[in-house]
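Enquirer: The structure file coords.csv (CSV, C-alpha atoms) is provided below.
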chain,number,residue,atom,x,y,z
A,1489,MET,CA,-2.6,15.1,-2.8
A,1490,GLY,CA,-4.0,11.7,-3.6
A,1491,VAL,CA,-5.5,10.8,-6.9
A,1492,ARG,CA,-8.4,8.6,-8.0
A,1493,ILE,CA,-7.6,5.1,-9.4
A,1494,ASP,CA,-9.7,3.7,-12.1
A,1495,VAL,CA,-9.3,0.0,-13.0
A,1496,THR,CA,-11.1,-1.4,-16.0
A,1497,ASN,CA,-11.2,-5.1,-17.0
A,1498,LEU,CA,-7.9,-5.9,-15.3
A,1499,ASN,CA,-6.7,-9.5,-15.8
A,1500,ALA,CA,-3.4,-10.9,-14.5
A,1501,TRP,CA,-1.6,-14.2,-15.0
A,1502,TYR,CA,1.3,-16.0,-13.5
A,1503,GLY,CA,2.2,-18.4,-16.3
A,1504,THR,CA,-1.1,-20.2,-17.0
A,1505,ASN,CA,-2.6,-19.3,-13.7
A,1506,HIS,CA,-5.3,-16.7,-14.2
A,1507,THR,CA,-5.0,-14.9,-10.9
A,1508,LEU,CA,-7.1,-11.8,-11.5
A,1509,GLN,CA,-10.2,-12.0,-13.7
A,1510,ASP,CA,-12.0,-8.9,-15.1
A,1511,ILE,CA,-11.5,-6.5,-12.1
A,1512,THR,CA,-13.3,-3.2,-12.6
A,1513,LEU,CA,-13.5,-0.6,-9.8
A,1514,ASN,CA,-12.9,3.0,-8.9
A,1515,ILE,CA,-10.9,3.8,-5.9
A,1516,PRO,CA,-11.6,7.3,-4.6
A,1517,ALA,CA,-8.8,9.9,-3.9
A,1518,ASN,CA,-7.8,10.8,-0.4
A,1519,HIS,CA,-9.5,7.8,1.2
A,1520,ALA,CA,-8.4,4.5,2.6
A,1521,THR,CA,-9.7,1.5,0.7
A,1522,ALA,CA,-9.4,-2.0,2.2
A,1523,LEU,CA,-9.2,-5.2,0.2
A,1524,ILE,CA,-10.3,-8.3,2.1
A,1525,GLY,CA,-10.7,-12.0,1.2
A,1526,PRO,CA,-9.1,-15.4,1.9
A,1527,SER,CA,-5.5,-16.2,1.2
A,1528,GLY,CA,-4.7,-16.7,-2.5
A,1529,CYS,CA,-7.7,-14.8,-3.7
A,1530,GLY,CA,-5.8,-12.1,-5.7
A,1531,LYS,CA,-5.6,-9.2,-3.3
A,1532,SER,CA,-1.8,-8.9,-3.3
A,1533,THR,CA,-1.6,-9.5,-7.0
A,1534,PHE,CA,-4.1,-6.7,-7.5
A,1535,VAL,CA,-2.1,-4.1,-5.5
A,1536,ARG,CA,1.1,-5.2,-7.3
A,1537,CYS,CA,-0.6,-4.4,-10.6
A,1538,LEU,CA,-1.3,-0.9,-9.4
A,1539,ASN,CA,2.4,0.0,-9.4
A,1540,ARG,CA,3.6,-2.5,-12.1
A,1541,MET,CA,5.4,-4.7,-9.7
A,1542,HIS,CA,3.5,-7.7,-10.9
A,1543,GLU,CA,5.5,-7.7,-14.1
A,1544,THR,CA,8.8,-8.0,-12.3
A,1545,ASN,CA,8.0,-11.7,-12.3
A,1546,PRO,CA,9.1,-13.0,-15.8
A,1547,ILE,CA,6.1,-15.4,-16.1
A,1548,ALA,CA,3.6,-12.7,-15.2
A,1549,ARG,CA,1.4,-10.6,-17.6
A,1550,VAL,CA,-1.4,-8.2,-17.4
A,1551,THR,CA,-4.2,-6.9,-19.6
A,1552,GLY,CA,-6.8,-4.2,-19.0
A,1553,THR,CA,-6.5,-0.6,-18.0
A,1554,VAL,CA,-5.3,1.1,-14.8
A,1555,ARG,CA,-5.4,4.9,-14.6
A,1556,ILE,CA,-3.7,6.7,-11.7
A,1557,GLY,CA,-5.2,10.2,-12.0
A,1558,ASP,CA,-4.7,11.1,-15.6
A,1559,LEU,CA,-2.0,8.5,-16.2
A,1560,ASP,CA,-2.6,5.2,-18.0
A,1561,ILE,CA,0.1,3.3,-16.2
A,1562,TYR,CA,0.4,0.5,-18.7
A,1563,ASN,CA,0.4,2.6,-21.9
A,1564,ASP,CA,1.6,6.1,-21.0
A,1565,ALA,CA,4.5,5.5,-18.6
A,1566,LYS,CA,7.5,3.4,-17.8
A,1567,PRO,CA,7.4,1.3,-14.5
A,1568,VAL,CA,9.9,3.6,-12.8
A,1569,GLN,CA,7.7,6.6,-13.5
A,1570,VAL,CA,4.7,4.8,-12.1
A,1571,ARG,CA,6.5,3.8,-8.9
A,1572,ARG,CA,7.4,7.4,-8.2
A,1573,ARG,CA,3.7,8.1,-8.0
A,1574,VAL,CA,2.7,4.9,-6.3
A,1575,GLY,CA,4.5,4.0,-3.1
A,1576,MET,CA,4.5,0.5,-1.6
A,1577,VAL,CA,4.8,-0.9,1.9
A,1578,PHE,CA,5.1,-4.6,2.3
A,1579,GLN,CA,3.9,-7.1,4.9
A,1580,ARG,CA,7.3,-7.5,6.6
A,1581,PRO,CA,9.4,-4.4,7.2
A,1582,ASN,CA,12.3,-4.3,4.7
A,1583,PRO,CA,14.7,-1.5,5.7
A,1584,PHE,CA,18.1,-1.5,4.1
A,1585,PRO,CA,20.1,-3.2,6.9
A,1586,THR,CA,23.5,-1.6,6.2
A,1587,MET,CA,22.1,2.0,5.9
A,1588,SER,CA,21.5,4.5,8.6
A,1589,ILE,CA,17.9,5.6,9.4
A,1590,TYR,CA,18.6,8.8,7.5
A,1591,ASP,CA,20.0,7.0,4.4
A,1592,ASN,CA,17.0,4.6,4.4
A,1593,VAL,CA,14.6,7.5,4.0
A,1594,ALA,CA,16.8,9.4,1.6
A,1595,SER,CA,17.7,6.4,-0.6
A,1596,GLY,CA,14.9,6.9,-3.1
A,1597,LEU,CA,15.6,10.7,-3.3
A,1598,LYS,CA,19.2,10.0,-4.1
A,1599,LEU,CA,18.3,7.6,-6.8
A,1600,ASN,CA,16.1,10.3,-8.3
A,1601,GLY,CA,19.0,12.7,-8.4
A,1602,TYR,CA,18.6,14.7,-5.2
A,1603,SER,CA,22.0,15.8,-3.8
A,1604,ASN,CA,21.4,19.1,-2.0
A,1605,ARG,CA,22.0,18.2,1.7
A,1606,ARG,CA,19.6,20.9,3.0
A,1607,VAL,CA,16.8,19.7,0.8
A,1608,LEU,CA,17.5,16.1,1.7
A,1609,ASP,CA,17.5,17.0,5.4
A,1610,GLU,CA,14.2,18.8,5.1
A,1611,ILE,CA,12.5,15.9,3.2
A,1612,VAL,CA,13.9,13.2,5.6
A,1613,GLU,CA,12.6,15.2,8.6
A,1614,LYS,CA,9.2,15.8,7.0
A,1615,SER,CA,8.8,12.1,6.0
A,1616,LEU,CA,9.8,10.8,9.4
A,1617,LYS,CA,7.3,13.3,11.0
A,1618,ASN,CA,4.6,12.1,8.6
A,1619,SER,CA,5.3,8.5,9.6
A,1620,ALA,CA,5.1,9.4,13.3
A,1621,LEU,CA,8.7,8.3,13.8
A,1622,TRP,CA,10.7,11.5,14.1
A,1623,ASP,CA,10.5,12.0,17.8
A,1624,GLU,CA,11.7,8.4,18.4
A,1625,VAL,CA,14.7,8.5,16.1
A,1626,LYS,CA,15.8,12.2,15.6
A,1627,ASP,CA,18.8,11.8,17.8
A,1628,ASP,CA,20.1,8.7,16.1
A,1629,LEU,CA,19.4,9.4,12.4
A,1630,LYS,CA,23.0,8.7,11.3
A,1631,LYS,CA,24.2,6.7,14.2
A,1632,LYS,CA,21.8,3.7,14.0
A,1633,SER,CA,20.9,1.5,11.1
A,1634,GLY,CA,17.4,0.9,10.0
A,1635,ALA,CA,17.7,-2.7,11.1
A,1636,SER,CA,18.4,-1.7,14.7
A,1637,LEU,CA,14.8,-0.4,15.2
A,1638,SER,CA,11.9,-2.4,16.6
A,1639,GLY,CA,9.6,-4.2,14.1
A,1640,GLY,CA,6.9,-1.5,14.4
A,1641,GLN,CA,9.5,1.3,14.0
A,1642,GLN,CA,11.0,-0.5,11.0
A,1643,GLN,CA,7.6,-0.5,9.3
A,1644,ARG,CA,7.1,3.2,10.0
A,1645,LEU,CA,10.6,3.8,8.6
A,1646,CYS,CA,9.5,1.9,5.4
A,1647,ILE,CA,6.5,4.2,5.3
A,1648,ALA,CA,8.7,7.2,5.6
A,1649,ARG,CA,10.9,5.9,2.8
A,1650,ALA,CA,7.9,5.5,0.6
A,1651,LEU,CA,6.6,9.0,1.4
A,1652,ALA,CA,9.9,10.7,0.8
A,1653,VAL,CA,9.6,10.5,-3.0
A,1654,ASP,CA,6.2,12.3,-2.7
A,1655,PRO,CA,3.8,9.7,-4.1
A,1656,GLU,CA,0.1,10.3,-4.7
A,1657,VAL,CA,-0.9,6.7,-3.8
A,1658,LEU,CA,0.3,4.5,-1.0
A,1659,LEU,CA,-0.2,0.8,-1.3
A,1660,MET,CA,0.0,-1.3,1.9
A,1661,ASP,CA,0.1,-5.1,1.7
A,1662,GLU,CA,-0.8,-6.5,5.2
A,1663,PRO,CA,1.3,-3.7,6.8
A,1664,ALA,CA,0.6,-4.7,10.4
A,1665,SER,CA,0.3,-8.5,10.2
A,1666,ALA,CA,3.8,-9.1,11.6
A,1667,LEU,CA,3.5,-6.5,14.3
A,1668,ASP,CA,2.4,-6.5,18.0
A,1669,PRO,CA,-0.9,-4.8,19.0
A,1670,VAL,CA,0.7,-1.5,20.1
A,1671,SER,CA,2.6,-1.2,16.8
A,1672,THR,CA,-0.5,-2.2,14.8
A,1673,SER,CA,-2.5,0.6,16.5
A,1674,LYS,CA,0.2,3.1,15.6
A,1675,ILE,CA,0.1,2.0,11.9
A,1676,GLU,CA,-3.7,2.3,11.9
A,1677,ASP,CA,-3.5,5.8,13.5
A,1678,LEU,CA,-1.0,6.7,10.8
A,1679,ILE,CA,-3.3,5.6,8.0
A,1680,PHE,CA,-6.0,7.9,9.4
A,1681,GLN,CA,-3.5,10.8,9.3
A,1682,LEU,CA,-2.1,10.1,5.9
A,1683,LYS,CA,-5.3,9.6,3.9
A,1684,SER,CA,-6.0,13.3,3.8
A,1685,GLN,CA,-2.8,13.6,1.7
A,1686,TYR,CA,-2.6,10.3,-0.1
A,1687,THR,CA,-4.9,7.7,-1.7
A,1688,ILE,CA,-4.3,4.6,0.4
A,1689,VAL,CA,-5.1,1.0,-0.6
A,1690,ILE,CA,-4.6,-1.6,2.2
A,1691,VAL,CA,-4.7,-5.3,1.9
A,1692,THR,CA,-5.7,-6.9,5.2
A,1693,HIS,CA,-6.9,-10.2,6.6
A,1694,ASN,CA,-8.0,-8.4,9.7
A,1695,MET,CA,-11.6,-7.4,9.1
A,1696,GLN,CA,-11.8,-5.3,12.2
A,1697,GLN,CA,-8.8,-3.3,10.9
A,1698,ALA,CA,-10.6,-2.8,7.6
A,1699,ALA,CA,-13.7,-1.6,9.5
A,1700,ARG,CA,-11.6,0.8,11.6
A,1701,VAL,CA,-9.5,2.5,8.9
A,1702,ALA,CA,-11.2,2.3,5.5
A,1703,GLU,CA,-14.1,4.2,3.9
A,1704,LYS,CA,-14.4,1.7,1.1
A,1705,THR,CA,-13.9,-2.1,1.1
A,1706,GLY,CA,-13.6,-4.6,-1.7
A,1707,PHE,CA,-14.1,-8.4,-1.2
A,1708,PHE,CA,-12.0,-10.6,-3.4
A,1709,LEU,CA,-12.7,-14.3,-4.0
A,1710,ASN,CA,-11.0,-16.7,-6.4
A,1711,GLY,CA,-9.4,-13.9,-8.4
A,1712,ARG,CA,-12.6,-11.9,-8.8
A,1713,MET,CA,-14.0,-8.8,-7.2
A,1714,VAL,CA,-17.2,-10.1,-5.6
A,1715,GLU,CA,-18.3,-6.8,-4.1
A,1716,PHE,CA,-17.0,-3.2,-3.6
A,1717,ASP,CA,-18.9,-0.7,-1.6
A,1718,SER,CA,-18.8,1.5,1.5
A,1719,THR,CA,-17.1,-0.3,4.4
A,1720,HIS,CA,-20.2,0.2,6.6
A,1721,LYS,CA,-22.4,-1.5,4.0
A,1722,ILE,CA,-20.0,-4.4,3.3
A,1723,PHE,CA,-19.9,-5.2,7.0
A,1724,THR,CA,-23.5,-4.6,7.9
A,1725,ASN,CA,-25.6,-5.3,4.8
A,1726,PRO,CA,-23.5,-6.9,2.0
A,1727,SER,CA,-25.2,-7.4,-1.3
A,1728,ASP,CA,-23.7,-10.8,-2.0
A,1729,LYS,CA,-24.2,-13.9,0.2
A,1730,ARG,CA,-20.5,-14.9,-0.4
A,1731,THR,CA,-19.4,-11.6,1.2
A,1732,GLU,CA,-21.7,-12.2,4.2
A,1733,ASP,CA,-20.4,-15.8,4.5
A,1734,TYR,CA,-16.8,-14.6,4.6
A,1735,ILE,CA,-17.3,-11.7,7.1
A,1736,THR,CA,-19.3,-13.9,9.4
A,1737,GLY,CA,-16.6,-16.6,9.4
A,1738,ARG,CA,-18.4,-19.3,7.5
A,1739,PHE,CA,-15.3,-19.8,5.3
A,1740,GLY,CA,-11.9,-18.2,4.8
Could you write out this file's structure as structure tokens?
Expert:
Amino acid sequence: MGVRIDVTNLNAWYGTNHTLQDITLNIPANHATALIGPSGCGKSTFVRCLNRMHETNPIARVTGTVRIGDLDIYNDAKPVQVRRRVGMVFQRPNPFPTMSIYDNVASGLKLNGYSNRRVLDEIVEKSLKNSALWDEVKDDLKKKSGASLSGGQQQRLCIARALAVDPEVLLMDEPASALDPVSTSKIEDLIFQLKSQYTIVIVTHNMQQAARVAEKTGFFLNGRMVEFDSTHKIFTNPSDKRTEDYITGRFG
């Protein structure tokens, strides 16, 4: 099941660039939360802070507190432990091109010490079913590489790979921006299905997508969280004029 995420006074830097400034919000468990805002406003940096990927950049640093359930991820755990609990799906599908479909999904499990073939088979099948890909690839699991799939299938394969290690949180950074409308619709349907089992945070430039899939929405601007509320309120009656200006297309 998904877990609540509590962020308190989060600040992030790349070198001297203060990219996130005093972000505080509570992301509810087993919901989809959308993050919107113009390019360069800090959305992607924020989600990278939630699984400690931000610090993989040698000039990056973070202050503040992020709790994933009962875990203080910057004080109580190593990055690898955090990333087992917090899966990540990127803007462009990134399957391992030399691996089969099966091995793409099983890769994280093998890194975590799984070797029993029956267990691996079961988890791979479950993950592909949960990512709505099983019926399309079940006859080619070990025959075809992940790179042989279409763009939309590759993205769902990457979701299956993230789900295989049984995370509690799934971060999605513009997961459909590189996809055609049919594939985008499948990803959105998948988000609806998965949020009963996981806490999902999705970064999107597509405000219609945010309105379709998310119960909560946060608006970022210039590294700050301007407003965080129910998606319905954000899009129909925002509290801050900057939010209204953005969603009505006056800037961004």
Enquirer: Which is closer to Asn1582 (chain A) than all the others in A:Ala1520, A:Val1495, A:Ala1635, A:Met1695, using all atoms listed in the file?
Expert: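 Nearest to Asn1582 (chain A): A:Ala1635.
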Enquirer: Considering only C-alpha atoms, can you say which of A:Arg1540, A:Arg1712, A:Leu1597, A:Val1607 comes closest to Asn1563 (chain A)?
Expert: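 Among the listed residues, the smallest separation from Asn1563 (chain A) belongs to A:Arg1540.
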Enquirer: Quick one: of A:Ser1619, A:Ser1633, A:Thr1705, A:Asn1694, who's nearest to Asp1677 (chain A), counting only C-alpha atoms?
Expert: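 Closest candidate: A:Ser1619.
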Enquirer: Let me make sure I understand: among A:Val1554, A:Ala1548, A:Leu1523, A:Met1541, which one has the smallest atom-to-atom distance to Thr1504 (chain A) if we use only C-alpha atoms?
Expert: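 For Thr1504 (chain A), the nearest of the candidates is A:Ala1548.
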Enquirer: In the coordinate frame of the file, compute which residues have an atom within 7 Å of (-14.1, -6.4, -4.5) when using only C-alpha atoms, and state them as a list in words.
Expert: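 Returned residue set, sorted by chain then number, is Leu1523, Gly1706, Phe1707, Phe1708, Met1713, Val1714, Glu1715 and Phe1716 of chain A.
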Enquirer: What gap, in Å, lies between CA of Ile1735 (chain A) and CA of Pro1526 (chain A)?
Expert: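 That distance, rounded to one decimal, is 10.4 Å.
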Enquirer: Any chance you could model N, CA and C atoms for region 1606-1619 of chain A and send them as an mmCIF file, in the frame of the given file?
Expert:
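Dumped everything to selection07.cif:
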data_model
loop_
_atom_site.group_PDB
_atom_site.id
_atom_site.type_symbol
_atom_site.label_atom_id
_atom_site.label_comp_id
_atom_site.auth_asym_id
_atom_site.auth_seq_id
_atom_site.Cartn_x
_atom_site.Cartn_y
_atom_site.Cartn_z
ATOM 1 N N ARG A 1606 20.700 20.210 2.263
ATOM 2 C CA ARG A 1606 19.600 20.900 3.000
ATOM 3 C C ARG A 1606 18.262 20.385 2.567
ATOM 4 N N VAL A 1607 18.090 20.180 1.266
ATOM 5 C CA VAL A 1607 16.800 19.700 0.800
ATOM 6 C C VAL A 1607 16.589 18.240 1.280
ATOM 7 N N LEU A 1608 17.628 17.423 1.233
ATOM 8 C CA LEU A 1608 17.500 16.100 1.700
ATOM 9 C C LEU A 1608 17.137 16.062 3.215
ATOM 10 N N ASP A 1609 17.805 16.920 3.993
ATOM 11 C CA ASP A 1609 17.500 17.000 5.400
ATOM 12 C C ASP A 1609 16.049 17.345 5.672
ATOM 13 N N GLU A 1610 15.548 18.309 4.910
ATOM 14 C CA GLU A 1610 14.200 18.800 5.100
ATOM 15 C C GLU A 1610 13.176 17.644 4.748
ATOM 16 N N ILE A 1611 13.422 16.940 3.642
ATOM 17 C CA ILE A 1611 12.500 15.900 3.200
ATOM 18 C C ILE A 1611 12.541 14.702 4.165
ATOM 19 N N VAL A 1612 13.742 14.343 4.620
ATOM 20 C CA VAL A 1612 13.900 13.200 5.600
ATOM 21 C C VAL A 1612 13.107 13.557 6.859
ATOM 22 N N GLU A 1613 13.280 14.768 7.371
ATOM 23 C CA GLU A 1613 12.600 15.200 8.600
ATOM 24 C C GLU A 1613 11.066 15.144 8.388
ATOM 25 N N LYS A 1614 10.609 15.716 7.288
ATOM 26 C CA LYS A 1614 9.200 15.800 7.000
ATOM 27 C C LYS A 1614 8.597 14.344 6.892
ATOM 28 N N SER A 1615 9.321 13.467 6.196
ATOM 29 C CA SER A 1615 8.800 12.100 6.000
ATOM 30 C C SER A 1615 8.757 11.335 7.291
ATOM 31 N N LEU A 1616 9.758 11.514 8.144
ATOM 32 C CA LEU A 1616 9.800 10.800 9.400
ATOM 33 C C LEU A 1616 8.660 11.387 10.351
ATOM 34 N N LYS A 1617 8.394 12.677 10.249
ATOM 35 C CA LYS A 1617 7.300 13.300 11.000
ATOM 36 C C LYS A 1617 5.950 12.722 10.509
ATOM 37 N N ASN A 1618 5.815 12.631 9.180
ATOM 38 C CA ASN A 1618 4.600 12.100 8.600
ATOM 39 C C ASN A 1618 4.326 10.668 8.919
ATOM 40 N N SER A 1619 5.400 9.931 9.204
ATOM 41 C CA SER A 1619 5.300 8.500 9.600
ATOM 42 C C SER A 1619 5.283 8.304 11.070
#
